[in-house]
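What follows is a single structure, written as structure tokens, with notes after it.
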Amino acid sequence: MWRKWIPFWHSGVSLHGGDVDMLFIGLLIASLLVLGLLFFLLTLFCVRYRASNDVDRDHRITKSWRWEVGWTAASLAGFLVLFVWGAEIYFQIYRTPPDELSVFVVAKQWMWKVQHSGGQSEINALHIPVGRPIRLVMASQDVIHSFFIPAIRLKHDVVPGRYQDLEIEVDKPGHYHLFCAEYCGTEHSGMTGEIVAMGAPDYATWLATQTPADSLTQEGGALFRELGCSGCHGAGSKIHAPSLDGLYGRPVPLSDGSFVTADDKYIRDSILLPRSQIAAGYQPLMPSFEGKVSEEQLLRLILYIKSLGGPHP
Amino acid sequence: MPDDGAFAPQFVSARHRDETAELGMWVFIATEVLLFGGLILGYCVYRHAYPAAFAAASRHTEIAIGTANTAILLTSSFLVACAVDAFAEETRKTCVALLSGAILLGSLFIVLKGIEYAGEYREHLVPGLDFKFSGELANGATLFFIFYFVATAIHALHMMVGIGLLMVLARLILRAPTARHRAALHSAALYWHFVDVVWIFLFALIYLPGRTA
Amino acid sequence: MNEESYLNAGYTLRSWFLTTDHKRIAILYFASLLFFFSIGGLAATAIRIELATPQADLVSSDMYNRLFTMHGVIMVWFFLIPSIPNTLGNFIVPLMIGARDLAFPRLNLLSWYLFILGGSVTLLAVAAGGIDTGWTFYTPFSTLYSNSYVAVAVTGVFISGFSSILTGLNFIVTIHRLRAPGLTWYRLPLFIWSLYATSVILVLATPVLAMTLVLIVVERLLGVGIFDPKIGGDPLLFQHLFWFYSHPAVYIMILPGMGVINELVSCFSRKAVFGYKFVAWASLAIAAVGFLVWGHHMFVSGQSLLASLVFSFMSFIVAVPSAIKVFNWTATLHKGSIRFDAPMLYALAFIGLFTIGGLTGLFLACLAYDVHATDTYFVVAHFHYIMVGGMVTAYFGGLHYWWPKITGRLYSEYWARIAAVLIFVGFNLTFFPQFILGAEGMPRRYHVYPPEFQLWNVLSSGGASILAIAYLLPLFYLAYSLFFGARAPANPWDAPGLEWQTPSPPPEFNFVSQPVVTRPPYQYTPDFHAEPQNA
Ligand code: HEA
Ligand code: HEA
Ligand code: CUA
Ligand SMILES: [Cu+2]
């Protein structure tokens with residue numbers, strides 16, 4: 001944060017990248033000071049008190065505990081500073097992102113599948129506009145992967161069975177490495193890609209040239225019919241199932257008396273584990289779609305349900 | 001009480017040897033606490049996450065057998081404690097009889113556990129082999145039953161080791177008890193009580209959720 | 001060689017393989033560990049050759065994954081954890097405390113057999129086709145996706161865990177009950193304190209690993225399990241359980257080394273260890289606080305930010321006692337009379353390398369930097385600095401120091417010094433470039449990598465070849481000394497410890513008569529009175 005007051009400090013290519021670099025330099029300086037002192041003393045003592053050297057060795061009067069307290073306190077103080085510094089930046093890096101431009105990332109052995117909300121999809125590449133926070137919604141279809149962009153000093157694991165939000169922002173146009181940092185099997189080291197950061201006009205052109213078959217939401221709508229969701233949730237259905245209009249983002253009363261907010265995770269759970277949370281006033285009739293829908297289809301369904309409106313559009 | 005006189009050279013006396021052995025048993029029990037502790041911790045995490053499913057699954061366990069087994073184990077522990085008390089040259093027959101009682105009860109526990117397992121198999125409650133959970137909440141119930149089988153199987157394994165220990169000791173004591181066997185009996189009893197205490201925890205965690213209301 | 005020596009107590013195979021003498025069991029361990037270290041080292045050699053170029057040229061990806069997994073599994077569980085405790089510890093602990101054996105000699109032998117059984121099962125898995133999960137066995141990859149011999153390898157580790165537990169139990173009871181008359185806690189050498197702390201961890205952490213491994217095997221055999229995200233299980237629960245063991249385990253892998261360094265530093269500067277009580281309690285503090293920091297391996301896994309905060313804080317706290325030790329060793333040199341025999345060279349190398357490893361541990365404990373550095377070569381360099389630069393160095397130092405006692409022969413000081421320097425140079429050349437690689441963002445467990453990382457990788461591989469030669473050297477001159485070395489006197493270093501008061505090699509029951517202790521440890525100067533420290 002306060003790096004902006006330091007003259008000549010290059011700010012890195014992202015919002016927090018420069019902060020992390022500062023922290024690194026700080027850690028490095030602290031370590032070098034400690035190491036310097038230590039190596040200096042070691043060398044000094046080894047030379048001065050080598051057995052063949054004739055020096056005064058009377059050490060009986062040393063009051064050792066003062067030294068002990070001294071260096072214990074000094075280390076502790078140094079450690080506390082480093083701890084607070086690191087923690088502060090960490091909380092900024094991982095703050096819960098607001099609902100900015102969302103991009104969906106599905107990790108699977110051994111590729112990154114990216115879905116832009118306009119329907120453009122790409123594999124092992126992610127095109128983003130510069131200077132603008134982007135919210136990644138990440139899911140894994142099989143094992144744990146980890147989304148790692150060294151240039152912006154940022155990574156996060158993608159654990160199957162849950163969504164992971166991550167906010168990224170790149171401030172300089174360019175091509176950057178994307179790595180999978182969590183070991184995930186045979187082609188783990190091949191699960192790499194490219195982040196392409198572009199100026200806003202270039203990005204717009206790029207989006208336009210990618211020919212989306214359909215927007216994700218439309219595809220979600222189609223799925224909603226194909227999978228038979230509309231049979232229950234559609235208007236005029238004979239089954240007593242809640243209408244999904246205006247659901248997204250609204251608090252939902254559950255049969256056990258509690259409330260949950262209908263966010264991505266809730267909808268995902270409703271589809272995969274419908275019995276875990278039953279909406280109040282309904283029978284647990286909905287079948288589980290576990291194993292019947294892929295992560296990519298789930299994303300589309302969620303987008304579709306989202307498009308049906310919510311408390312704040 | 002005759003002492004077998006010989007003790008390994010690292011000890012200064014037979015008593016030193018026996019106290020050392022007992023300390024060893026306490027350290028071993030510390031290990032065991034952590035062994036079951038890890039498992040029980042995992043159980044608690046999931047029970048917290050899926051309270052309804054765990055309660056529902058718990059209602060599918062055989063409370064009758066579980067309660068009977070608790071009573072059986074408590075009694076056996078009592079018998080073992082009495083056996084330690086009765087350990088003396090004159091009363092060695094009583095001591096052995098008490099131990100045999102505990103052995104029998106322990107074996108009964110295993111048999112009942114087997115019956116319970118068989119019942120659960122018939123009701124399709126064994127994850128991985130044959131699992132059909134009629135109620136809702138099948139996923140959470142699967143988690144519950146995996147814990148159930150792992151925990152009770154490991155516990156049963158400990159029971160069998162304990163039974164073996166008691167059998168060996170009963171035989172030795174019947175032949176000719178020595179001071180050395182007193183220490184051994186003492187340690188074996190510690191172990192037996194420990195296994196018993198573990199069961200009390202397992203009983204509360206496995207059979208009771210969902211049965212309070 | 002004195003006729004009474006434990007080495008002369010029998011020559012048959014039976015007298016070795018059914019022995020309950022802690023000294024012979026230590027030798028059995030030593031030979032087995034040499035074997036496992038060679039296998040782990042060969043795997044490391046293959047890894048480094050492969051990584052000399054960015055492309056895949058020596059092995060396939062599958063093979064590469066098997067190599068580093070085998071390297072990690074064998075080095076951690078079958079070399080480093082038992083290294084100092086089971087060889088030097090087994091041999092020296094009873095001697096140091098004036099006992100005739102460990103408390104439970106037969107358990108000690110059983111522990112070796114379990115170790116060999118566990119090792120054989122693991123090697124069986126390797127021979128059958130290997131295992132490719134990494135030494136951390138993360139689920140759901142290890143349980144539901146990997147098609148290698150996970151269950152077998154895990155069983156091997158499981159069995160060896162019981163060997164660890166038995167060793168820890170034996171040491172705890174021995175140290176409590178078998179100390180010589182007059183040997184109060186504060187008269188114990190610091191090596192004993194650190195092994196005591198190690199044993200506490202062995203006894204309390206290993207069972208959690210055992211249970212976790214059982215759960216993995218269950219999940220693998222049944223196809224469903226409690227870490228299975230498909231039924232709502234949580235893969236992070238596995239990580240919590242695994243690190244609850246494995247973080248304390250890293251202190252199993254350093255505390256014994258620190259213990260050895262105490263002995264070496266004080267012996268070769270002929271001075272008591274500075275701040276004895278602080279160093280002694282620091283060992284126990286590390287063992288205790290070490291149980292509360294496991295979450296620092298999961299800063300980017302999605303555990304709650306608050307949990308990360310606490311674990312980061314505790315990680316800094318656990319570094320304090322290590323700092324205390326480093327400063328006390330340095331202070332011990334002050335006004336000493338320092339000799340630079342090979343063990344002392346190793347000790348000095350240890351202090352430097354351990355500090356570098358520890359300080360980079362702080363980089364990782366520092367939340368925001370770990371987000372960047374985790375799962376990169378920065379971590380790999382961090383732990384090799386501590387485990388290889390620290391613990392393996394301490395192991396070599398201790399081995400040289402007690403070699404005359406164990407074998408009754410003197411090794412060649414000349415060659416030993418050459419090897420020590422060569423190890424130091426080779427080591428730094430191998431692992432320092434990996435810090436740079438990590439800081440630049442090269443992920444670990446990567447079979448192929450972008451070409452811009454090649455320079456540092458080549459340096460690292462070059463260093464590894466120096467290191468390999470340096471590690472082979474001792475094999476030769478130590479073996480040579482066994483047959484042609486000069487006979488060692490009882491106390492070649494002129495040290496006051498009890499282990500030096502008995503002939504080299506010691507008789508079967510260690511002491512001719514029961515020693516009685518009347519002084520604090522480390523009384524190198526005759527007119528020396530205990531420092532009025534801590535007063
Ligand atoms: C013997 C083994 C050993 C030891 C002793 C340590 C010691 C420490 N380790 Fe390390 N560590 C490992 C082995 C070890 N580690 C392994 C194997 C891994 C990777 C596992 C895997 O993923 O495969 C790992 C990973 C690891 C991570 C996770 C990285 C990641 O994957 O994201 C972290 C994070 O906090 C960490 C921190 C520390 C700290 C703070 C210490 C501290 O205890 C260090 C304390 C010592 C010092 C600090 C030096 C002396 C101090 C001074 C001279 C004081 C003066 C200093 C100042 C005032 C600044 N280690
Ligand atoms: C615990 C101890 C330990 C030790 C001692 C070592 C020693 C070495 N390690 Fe390793 N290492 C680990 C523990 C250890 N390592 C762990 C836990 C991992 C993580 C695994 C994972 O990701 O899952 C790892 C990972 C690891 C990697 C990262 C792989 C990757 O992420 O892709 C690398 C790469 O350079 C490496 C290199 C080395 C080297 C060059 C040595 C050298 O120091 C080795 C030097 C030794 C020799 C070269 C042997 C000498 C030869 C003989 C003694 C006899 C020769 C034999 C015969 C004649 C039969 N190690
Ligand atoms: Cu995906 Cu590694
Ligand atoms: Cu750790």
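Lettering and numbering for the structure tokens are positional, with chains as A, B, ... in the shown order, residues counted from 1 in each chain, and ligands counted from 1 in the shown order.
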
(request) Dump as a list in words the residues of chain A that approach chain C to within 6 Å, counting only C-alpha atoms. (result)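 Listing them in order of chain and number gives Phe45, Tyr49, Arg50, Ala51, Arg57, Arg60, Lys63, Ser64, Trp65, Phe79, Phe83, Gly86, Ala87, Ile89, Tyr90, Val143, Pro150, Arg153, Leu154, Lys155, His156, Asp157, Gly161, Ala181, Thr186 and Ser189 of chain A.
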
(request) Determine, counting only C-alpha atoms, which protein, DNA and RNA residues have an atom within 12 Å of an atom of Pro98 in chain A; residues of the same chain fewer than 3 positions away are not included. Present the result as a list in words. (result)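 Counting only the stated atoms, we get Tyr94, Arg95, Leu101, Ser102, Pro133, Ile134, Arg135, Leu136, Val137, Asp165, Leu166, Glu167 and Ile168 of chain A.
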
Selection above as a file: C-alpha atoms, as a PDB file, in the first residue's frame:
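Final file, out.pdb:
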ATOM      1  CA  TYR A  94      -7.909 -12.437  -0.946  1.00  0.00           C
ATOM      2  CA  ARG A  95     -10.613  -9.946  -0.084  1.00  0.00           C
ATOM      3  CA  LEU A 101     -16.700  -8.719 -14.612  1.00  0.00           C
ATOM      4  CA  SER A 102     -16.914 -12.468 -14.027  1.00  0.00           C
ATOM      5  CA  PRO A 133     -10.590  -6.058 -11.516  1.00  0.00           C
ATOM      6  CA  ILE A 134     -11.907  -9.347 -12.742  1.00  0.00           C
ATOM      7  CA  ARG A 135     -13.639 -11.916 -10.677  1.00  0.00           C
ATOM      8  CA  LEU A 136     -12.688 -15.476 -11.464  1.00  0.00           C
ATOM      9  CA  VAL A 137     -15.134 -18.133 -10.420  1.00  0.00           C
ATOM     10  CA  ASP A 165     -13.623 -16.789  -6.078  1.00  0.00           C
ATOM     11  CA  LEU A 166     -10.465 -14.935  -6.883  1.00  0.00           C
ATOM     12  CA  GLU A 167      -9.973 -11.354  -7.894  1.00  0.00           C
ATOM     13  CA  ILE A 168      -7.259 -10.602 -10.392  1.00  0.00           C
TER      14      ILE A 168
END

(request) Kindly compile the residues surrounding ligand 4 within 10 Å, counting only C-alpha atoms and all ligand atoms, and format them as JSON, numbers by chain. (result) {"C": [243, 244, 245, 246, 247, 248, 249, 250, 251, 290, 291, 292, 293, 294, 295, 296, 297, 298, 311, 315, 361, 364, 365, 383]}

(message) Show me, as an MDAnalysis selection string, every residue of chain C with an atom at most 7 Å from chain B, counting only C-alpha atoms.
(response) chainID C and resid 99:101 103 169 173 177 203:204 207:208 211 222:226 231:232

Let's have the selection written as a CSV table (one decimal), in the first residue's frame, with all heavy atoms.
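Below you can see out30.csv, which holds the result:
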chain,number,residue,atom,x,y,z
C,99,ALA,N,23.4,-46.0,31.2
C,99,ALA,CA,22.5,-47.2,31.4
C,99,ALA,C,23.1,-48.3,30.6
C,99,ALA,O,24.0,-48.1,29.7
C,99,ALA,CB,21.1,-46.8,30.8
C,100,ARG,N,22.7,-49.5,30.9
C,100,ARG,CA,23.3,-50.7,30.2
C,100,ARG,C,22.5,-51.0,28.9
C,100,ARG,O,23.1,-51.8,28.1
C,100,ARG,CB,23.2,-51.9,31.2
C,100,ARG,CG,23.9,-51.5,32.5
C,100,ARG,CD,24.2,-52.6,33.3
C,100,ARG,NE,25.5,-52.3,33.9
C,100,ARG,CZ,26.4,-53.2,34.3
C,100,ARG,NH1,26.2,-54.5,34.0
C,100,ARG,NH2,27.5,-52.9,34.9
C,101,ASP,N,21.3,-50.5,28.8
C,101,ASP,CA,20.6,-50.7,27.5
C,101,ASP,C,19.4,-49.8,27.5
C,101,ASP,O,19.3,-49.0,28.5
C,101,ASP,CB,20.2,-52.2,27.4
C,101,ASP,CG,20.0,-52.5,25.9
C,101,ASP,OD1,19.5,-51.7,25.1
C,101,ASP,OD2,20.3,-53.7,25.5
C,103,ALA,N,15.3,-49.2,27.8
C,103,ALA,CA,14.4,-49.8,28.8
C,103,ALA,C,13.8,-51.1,28.2
C,103,ALA,O,13.6,-52.1,28.9
C,103,ALA,CB,13.3,-48.9,29.2
C,169,LEU,N,8.7,-44.3,22.2
C,169,LEU,CA,8.3,-44.8,23.5
C,169,LEU,C,9.5,-45.3,24.3
C,169,LEU,O,9.7,-44.9,25.5
C,169,LEU,CB,7.3,-45.9,23.3
C,169,LEU,CG,6.6,-46.5,24.5
C,169,LEU,CD1,5.2,-47.1,23.9
C,169,LEU,CD2,7.3,-47.6,25.1
C,173,VAL,N,10.8,-43.6,28.0
C,173,VAL,CA,10.8,-44.3,29.2
C,173,VAL,C,12.3,-44.5,29.7
C,173,VAL,O,12.6,-44.3,30.9
C,173,VAL,CB,10.2,-45.7,29.0
C,173,VAL,CG1,10.4,-46.6,30.2
C,173,VAL,CG2,8.7,-45.6,28.6
C,177,ARG,N,13.6,-43.2,33.3
C,177,ARG,CA,13.8,-44.2,34.3
C,177,ARG,C,15.2,-44.7,34.5
C,177,ARG,O,15.6,-45.3,35.5
C,177,ARG,CB,12.9,-45.4,34.1
C,177,ARG,CG,11.4,-45.1,33.9
C,177,ARG,CD,10.8,-44.8,35.2
C,177,ARG,NE,11.2,-45.7,36.3
C,177,ARG,CZ,10.9,-45.6,37.5
C,177,ARG,NH1,10.1,-44.7,37.9
C,177,ARG,NH2,11.3,-46.5,38.4
C,203,VAL,N,5.7,-40.0,19.5
C,203,VAL,CA,4.6,-40.7,20.1
C,203,VAL,C,3.3,-40.1,19.9
C,203,VAL,O,2.2,-40.7,19.7
C,203,VAL,CB,4.9,-40.9,21.6
C,203,VAL,CG1,3.7,-41.3,22.4
C,203,VAL,CG2,6.0,-41.9,21.8
C,204,LEU,N,3.2,-38.7,19.9
C,204,LEU,CA,1.9,-38.1,19.8
C,204,LEU,C,1.5,-37.8,18.4
C,204,LEU,O,0.3,-37.6,18.1
C,204,LEU,CB,1.9,-36.8,20.6
C,204,LEU,CG,2.1,-37.0,22.1
C,204,LEU,CD1,2.0,-35.7,22.9
C,204,LEU,CD2,1.1,-38.0,22.7
C,207,PRO,N,0.6,-41.5,15.5
C,207,PRO,CA,-0.7,-42.2,15.4
C,207,PRO,C,-1.7,-41.5,14.5
C,207,PRO,O,-2.5,-42.1,13.9
C,207,PRO,CB,-1.2,-42.3,16.8
C,207,PRO,CG,-0.3,-41.3,17.6
C,207,PRO,CD,1.0,-41.3,16.9
C,208,VAL,N,-1.6,-40.1,14.5
C,208,VAL,CA,-2.6,-39.4,13.6
C,208,VAL,C,-2.3,-39.7,12.2
C,208,VAL,O,-3.2,-39.9,11.3
C,208,VAL,CB,-2.5,-37.9,13.9
C,208,VAL,CG1,-3.5,-37.2,13.0
C,208,VAL,CG2,-2.8,-37.7,15.4
C,211,MET,N,-3.7,-43.2,11.4
C,211,MET,CA,-5.1,-43.2,11.1
C,211,MET,C,-5.5,-42.6,9.8
C,211,MET,O,-6.3,-43.1,9.0
C,211,MET,CB,-5.8,-42.4,12.3
C,211,MET,CG,-7.3,-42.4,12.3
C,211,MET,SD,-7.9,-44.1,12.1
C,211,MET,CE,-8.0,-44.6,13.8
C,222,LEU,N,-12.5,-49.1,-1.3
C,222,LEU,CA,-14.0,-49.1,-1.4
C,222,LEU,C,-14.4,-48.2,-2.6
C,222,LEU,O,-15.6,-48.3,-3.0
C,222,LEU,CB,-14.6,-48.6,-0.1
C,222,LEU,CG,-14.4,-49.5,1.1
C,222,LEU,CD1,-15.2,-49.0,2.2
C,222,LEU,CD2,-14.8,-50.9,0.8
C,223,GLY,N,-13.6,-47.2,-3.0
C,223,GLY,CA,-14.0,-46.3,-4.0
C,223,GLY,C,-14.9,-45.2,-3.5
C,223,GLY,O,-15.2,-44.2,-4.2
C,224,VAL,N,-15.2,-45.2,-2.2
C,224,VAL,CA,-15.8,-44.0,-1.6
C,224,VAL,C,-15.1,-43.9,-0.3
C,224,VAL,O,-14.6,-44.8,0.3
C,224,VAL,CB,-17.3,-44.1,-1.3
C,224,VAL,CG1,-18.1,-44.2,-2.6
C,224,VAL,CG2,-17.6,-45.3,-0.4
C,225,GLY,N,-15.1,-42.6,0.2
C,225,GLY,CA,-14.5,-42.5,1.5
C,225,GLY,C,-14.7,-41.1,2.0
C,225,GLY,O,-15.4,-40.3,1.4
C,226,ILE,N,-14.2,-40.9,3.2
C,226,ILE,CA,-14.6,-39.6,3.9
C,226,ILE,C,-13.9,-38.4,3.3
C,226,ILE,O,-14.2,-37.3,3.7
C,226,ILE,CB,-14.3,-39.7,5.4
C,226,ILE,CG1,-12.8,-39.8,5.6
C,226,ILE,CG2,-14.9,-41.0,6.0
C,226,ILE,CD1,-12.5,-39.4,7.1
C,231,ILE,N,-19.4,-37.1,-2.3
C,231,ILE,CA,-20.5,-37.3,-1.4
C,231,ILE,C,-20.4,-36.3,-0.3
C,231,ILE,O,-20.9,-36.5,0.8
C,231,ILE,CB,-20.4,-38.7,-0.8
C,231,ILE,CG1,-19.0,-39.0,-0.1
C,231,ILE,CG2,-20.7,-39.8,-1.8
C,231,ILE,CD1,-19.0,-40.2,0.7
C,232,GLY,N,-19.8,-35.2,-0.6
C,232,GLY,CA,-19.7,-34.1,0.4
C,232,GLY,C,-18.5,-34.2,1.4
C,232,GLY,O,-18.5,-33.4,2.3

Protein and nucleic acid residues within 8 Å of ligand 3 (only C-alpha atoms and all ligand atoms) as an mmCIF file with N, CA, C and O atoms, in the first residue's frame:
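And here's selection.cif as it stands now:
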data_model
loop_
_atom_site.group_PDB
_atom_site.id
_atom_site.type_symbol
_atom_site.label_atom_id
_atom_site.label_comp_id
_atom_site.auth_asym_id
_atom_site.auth_seq_id
_atom_site.Cartn_x
_atom_site.Cartn_y
_atom_site.Cartn_z
ATOM 1 N N ALA A 107 -11.152 -26.161 -13.974
ATOM 2 C CA ALA A 107 -9.896 -26.892 -14.063
ATOM 3 C C ALA A 107 -10.212 -28.366 -14.172
ATOM 4 O O ALA A 107 -11.117 -28.862 -13.501
ATOM 5 N N LYS A 108 -9.507 -29.045 -15.039
ATOM 6 C CA LYS A 108 -9.629 -30.491 -15.076
ATOM 7 C C LYS A 108 -8.303 -31.059 -15.524
ATOM 8 O O LYS A 108 -7.477 -30.352 -16.082
ATOM 9 N N GLN A 109 -8.112 -32.354 -15.274
ATOM 10 C CA GLN A 109 -6.859 -32.965 -15.698
ATOM 11 C C GLN A 109 -6.784 -32.901 -17.221
ATOM 12 O O GLN A 109 -7.605 -33.529 -17.886
ATOM 13 N N TRP A 110 -5.917 -32.261 -17.907
ATOM 14 C CA TRP A 110 -4.936 -31.343 -17.447
ATOM 15 C C TRP A 110 -5.047 -30.106 -18.277
ATOM 16 O O TRP A 110 -4.244 -29.851 -19.150
ATOM 17 N N MET A 111 -6.117 -29.364 -18.067
ATOM 18 C CA MET A 111 -6.299 -28.121 -18.814
ATOM 19 C C MET A 111 -7.134 -27.130 -18.031
ATOM 20 O O MET A 111 -7.812 -27.479 -17.067
ATOM 21 N N VAL A 143 -9.541 -33.330 -9.518
ATOM 22 C CA VAL A 143 -8.671 -33.275 -8.350
ATOM 23 C C VAL A 143 -8.356 -31.814 -8.030
ATOM 24 O O VAL A 143 -8.871 -30.915 -8.683
ATOM 25 N N ILE A 144 -7.499 -31.608 -7.031
ATOM 26 C CA ILE A 144 -7.135 -30.243 -6.677
ATOM 27 C C ILE A 144 -6.116 -29.705 -7.680
ATOM 28 O O ILE A 144 -5.142 -30.374 -7.994
ATOM 29 N N HIS A 145 -6.382 -28.532 -8.203
ATOM 30 C CA HIS A 145 -5.407 -27.831 -9.025
ATOM 31 C C HIS A 145 -5.126 -26.499 -8.341
ATOM 32 O O HIS A 145 -5.744 -26.184 -7.334
ATOM 33 N N SER A 146 -4.203 -25.748 -8.922
ATOM 34 C CA SER A 146 -3.956 -24.440 -8.331
ATOM 35 C C SER A 146 -3.659 -23.446 -9.431
ATOM 36 O O SER A 146 -2.823 -23.684 -10.290
ATOM 37 N N PHE A 179 0.270 -21.117 -14.552
ATOM 38 C CA PHE A 179 0.732 -22.456 -14.183
ATOM 39 C C PHE A 179 -0.316 -23.150 -13.326
ATOM 40 O O PHE A 179 -1.052 -22.486 -12.588
ATOM 41 N N CYS A 180 -0.317 -24.466 -13.372
ATOM 42 C CA CYS A 180 -1.032 -25.222 -12.353
ATOM 43 C C CYS A 180 -0.006 -25.552 -11.285
ATOM 44 O O CYS A 180 0.990 -26.210 -11.558
ATOM 45 N N ALA A 181 -0.232 -25.057 -10.077
ATOM 46 C CA ALA A 181 0.796 -25.201 -9.056
ATOM 47 C C ALA A 181 0.532 -26.343 -8.104
ATOM 48 O O ALA A 181 1.387 -26.664 -7.291
ATOM 49 N N GLU A 182 -0.633 -26.948 -8.151
ATOM 50 C CA GLU A 182 -0.854 -28.079 -7.241
ATOM 51 C C GLU A 182 -0.731 -29.357 -8.041
ATOM 52 O O GLU A 182 -1.358 -29.508 -9.084
ATOM 53 N N TYR A 183 0.077 -30.273 -7.527
ATOM 54 C CA TYR A 183 0.322 -31.506 -8.253
ATOM 55 C C TYR A 183 -0.995 -32.225 -8.523
ATOM 56 O O TYR A 183 -1.795 -32.447 -7.614
ATOM 57 N N CYS A 184 -1.229 -32.600 -9.799
ATOM 58 C CA CYS A 184 -2.546 -33.150 -10.137
ATOM 59 C C CYS A 184 -2.448 -34.366 -11.055
ATOM 60 O O CYS A 184 -3.431 -34.741 -11.682
ATOM 61 N N GLY A 185 -1.273 -34.969 -11.172
ATOM 62 C CA GLY A 185 -1.200 -36.184 -11.969
ATOM 63 C C GLY A 185 -0.246 -36.054 -13.146
ATOM 64 O O GLY A 185 0.538 -35.111 -13.228
ATOM 65 N N GLU A 187 0.132 -35.128 -16.307
ATOM 66 C CA GLU A 187 0.500 -33.951 -17.102
ATOM 67 C C GLU A 187 0.460 -32.661 -16.287
ATOM 68 O O GLU A 187 0.227 -31.586 -16.834
ATOM 69 N N HIS A 188 0.675 -32.778 -14.999
ATOM 70 C CA HIS A 188 0.663 -31.584 -14.146
ATOM 71 C C HIS A 188 1.534 -30.472 -14.720
ATOM 72 O O HIS A 188 1.127 -29.318 -14.788
ATOM 73 N N SER A 189 2.727 -30.840 -15.188
ATOM 74 C CA SER A 189 3.609 -29.780 -15.678
ATOM 75 C C SER A 189 3.186 -29.288 -17.053
ATOM 76 O O SER A 189 3.719 -28.303 -17.550
ATOM 77 N N MET A 191 0.016 -28.525 -17.579
ATOM 78 C CA MET A 191 -1.226 -27.786 -17.360
ATOM 79 C C MET A 191 -0.924 -26.300 -17.228
ATOM 80 O O MET A 191 -1.151 -25.685 -16.203
#

(request) Write out as number ranges by chain each polymer residue whose atoms come within 7 Å of His116 in chain A, counting only C-alpha atoms; drop sequence neighbours fewer than 5 positions from it. (result) A: 103-104, 121

Please list as a JSON list (two decimals) with C-alpha atoms, in the first residue's frame every residue within 12 Å of Ile163 in chain B, counting only C-alpha atoms and excluding residues in the same chain fewer than 2 positions away.
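Result went into selection-v9.json, see below:
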[["chain", "number", "residue", "atom", "x", "y", "z"],
["B", 73, "LEU", "CA", -17.48, -54.02, 28.47],
["B", 76, "SER", "CA", -15.51, -56.89, 32.00],
["B", 77, "SER", "CA", -13.49, -53.89, 33.11],
["B", 80, "VAL", "CA", -10.29, -57.10, 35.37],
["B", 99, "LEU", "CA", -9.80, -62.95, 34.08],
["B", 100, "SER", "CA", -11.61, -65.76, 32.30],
["B", 101, "GLY", "CA", -14.85, -63.94, 32.94],
["B", 102, "ALA", "CA", -13.44, -60.82, 31.34],
["B", 103, "ILE", "CA", -12.15, -62.85, 28.41],
["B", 104, "LEU", "CA", -15.56, -64.39, 27.88],
["B", 105, "LEU", "CA", -17.29, -61.04, 28.05],
["B", 106, "GLY", "CA", -14.76, -59.61, 25.65],
["B", 107, "SER", "CA", -15.40, -62.42, 23.20],
["B", 108, "LEU", "CA", -19.12, -61.94, 23.60],
["B", 109, "PHE", "CA", -18.61, -58.30, 22.66],
["B", 110, "ILE", "CA", -16.86, -59.36, 19.46],
["B", 156, "ALA", "CA", -12.59, -54.42, 17.78],
["B", 157, "LEU", "CA", -9.00, -55.05, 16.75],
["B", 158, "HIS", "CA", -7.88, -53.52, 20.01],
["B", 159, "MET", "CA", -10.33, -55.75, 21.85],
["B", 160, "MET", "CA", -8.86, -58.84, 20.23],
["B", 161, "VAL", "CA", -5.37, -57.80, 21.21],
["B", 165, "LEU", "CA", -3.13, -60.44, 26.38],
["B", 166, "LEU", "CA", -5.51, -61.53, 29.11],
["B", 167, "MET", "CA", -5.42, -65.11, 27.86],
["B", 168, "VAL", "CA", -1.65, -65.29, 28.00],
["B", 169, "LEU", "CA", -1.64, -63.75, 31.45],
["B", 170, "ALA", "CA", -4.34, -66.05, 32.79],
["B", 188, "ALA", "CA", -2.76, -55.26, 30.70],
["B", 189, "ALA", "CA", -5.54, -53.97, 32.92],
["B", 191, "TYR", "CA", -4.88, -51.25, 28.44],
["B", 192, "TRP", "CA", -8.20, -53.00, 28.89],
["B", 195, "VAL", "CA", -10.12, -49.76, 25.29]]

(request) Fewer than 5 positions away in the same chain doesn't count, so skip those; otherwise give me all residues within 12 Å of Ile267 in chain A, counting only C-alpha atoms, as an MDAnalysis selection string. (result) chainID A and resid 162:163 244 247:250 252 260:262 272:274 276:279 289 298:306
